[in-house]
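Below: the structure, in structure tokens.
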Amino acid sequence: MAPSELVACKADMAEAARAADEILRALGAVPPMFGDKTWQGLAAESWAASWNARKTQLTTLLNAVLAEQPHLVARVEEAERRKVAS
């Protein structure tokens with residue numbers, strides 16, 4: 001018997017959450033490496049500013065994905081309830 005759409009959705013959401021959390025942890029590990037011991041000057045400052053801007057965008061996107069997950073699961077739950085009621 002194939003798993004229900006709800007079971008599959010929850011499994012997908014859990015996997016997506018694990019991946020997002022892993023990426024967020026990796027992003028958080030980088031800033032402590034910035035500093036004058038590895039690279040100095042305007043090029044280093046420019047690179048760090050650019051990286052931080054991209055990190056902010058990616059963090060915002062991943063947090064939006066995580067925030068959307070309960071809504072997706074609720075829509076699948078509602079669709080399954082409607083199927084059962086029909």
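To be explicit about the labels: the chains of the structure tokens are called A, B, and onward in the order shown, and within each one the residues are counted from 1, while ligands get numbers from 1 in the order they are shown.
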
Excluding Ala16 in chain A and its own-chain neighbours fewer than 5 positions away, which residues fall within 9 Å of it when counting only C-alpha atoms? Please give them as a PDB file with N, CA, C and O atoms, in the first residue's frame.
ATOM      1  N   ALA A  11       6.988  13.706   5.337  1.00  0.00           N
ATOM      2  CA  ALA A  11       8.356  13.195   5.164  1.00  0.00           C
ATOM      3  C   ALA A  11       9.181  14.174   4.328  1.00  0.00           C
ATOM      4  O   ALA A  11      10.348  14.455   4.657  1.00  0.00           O
ATOM      5  N   ASP A  21      18.168  23.432   7.845  1.00  0.00           N
ATOM      6  CA  ASP A  21      18.907  23.600   9.102  1.00  0.00           C
ATOM      7  C   ASP A  21      20.401  23.379   8.903  1.00  0.00           C
ATOM      8  O   ASP A  21      21.230  24.111   9.453  1.00  0.00           O
ATOM      9  N   VAL A  65      10.936  29.140   3.725  1.00  0.00           N
ATOM     10  CA  VAL A  65      10.596  27.746   3.416  1.00  0.00           C
ATOM     11  C   VAL A  65      10.145  27.031   4.685  1.00  0.00           C
ATOM     12  O   VAL A  65       9.122  26.342   4.693  1.00  0.00           O
ATOM     13  N   LEU A  66      10.891  27.200   5.760  1.00  0.00           N
ATOM     14  CA  LEU A  66      10.533  26.555   7.027  1.00  0.00           C
ATOM     15  C   LEU A  66       9.191  27.061   7.555  1.00  0.00           C
ATOM     16  O   LEU A  66       8.379  26.278   8.055  1.00  0.00           O
TER      17      LEU A  66
END

Please give the complete set of residues from range 4-61 of chain A that DSSP, run on the backbone, assigns to alpha helix (DSSP H), formatted as an MDAnalysis selection string.
chainID A and resid 5:29 42:61
